[in-house]
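In what follows, a structure is listed as C-alpha cells, so that the remarks can point back to it.
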Amino acid sequence: MVPSSRHRLIAALAFMAIGLNLGGCQKAISVGAANRCGADVEIQADSVRESTTRWVTLRAGDQDGVVQVGENTETLYVNVRAPGTGEARGFDVPMRSLGKPSADADYEAQLVLEGVRCP
C-alpha cells in the first residue's frame, strides 16, 4: 500500500500532537515529610495555597510522600493537624529550604515536622 497524502497528513498531525504533549511537560519534584512531632499528625501540602483537600496521616516517627510539585515551585504551602481534628496550623516553606530524604525514601525533597511545625 502506498501512503497517500491523507495518511501523511494524519501521521504528521499525530507526531505534532505527541511532540507538543512531551514538550509541554514540566518535571515534577516529589516532596515527603518526616514526622518528628512525637505524636501522629495529618499533613496537607501543595504549591498553590488551599488547593488540596487531601490529608496524609503520618504516625509518630514515620516518613512518607506527601505531594508532587513542579520543578519551578518556590513555596510549599503546608497545613498540619492532629488526626481527626478540624483545627489546622498553616505555614509556608521555601522549597530551597527542604532537605534531602534518607536513601530509602521514594521522594526527592523532605520537610521535617518538628517544633513549631507540629500541631
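Residue names in the C-alpha cells use chain letters A, B, ... in the order shown, residue numbers from 1 in each chain, and ligand numbers from 1 in the order shown.
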
Need to verify the contact set: range 57-60 of chain A, 10 Å, only C-alpha atoms, exclusion of same-chain residues closer than 5 positions in sequence. Can you return it as a count of residues only?
19

Using only C-alpha atoms, which protein or nucleic acid residues come within 8 Å of Val93 in chain A? Drop anything in the same chain fewer than 6 positions from it, and give the result as number ranges by chain.
A: 75-78

Please report the interatomic distance between CA of Pro119 in chain A and CA of Asn72 in chain A in Å with one decimal.
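That distance, rounded to one decimal, is 28.4 Å.
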
I'd like to know which residues of range 22-100 of chain A are strand (DSSP E or B) (by DSSP, run on the backbone); could you write them as a VMD selection string?
chain A and resid 28 to 35 41 to 46 56 to 58 63 to 70 75 to 81 89 to 94 99

List the neighbours of range 94-102 of chain A out to 10 Å using only C-alpha atoms; skip same-chain residues closer than 6 positions along the sequence, and give me the result as an NGL selection string.
:A and (31-34 or 47 or 63-64 or 69 or 71-77 or 108-112)
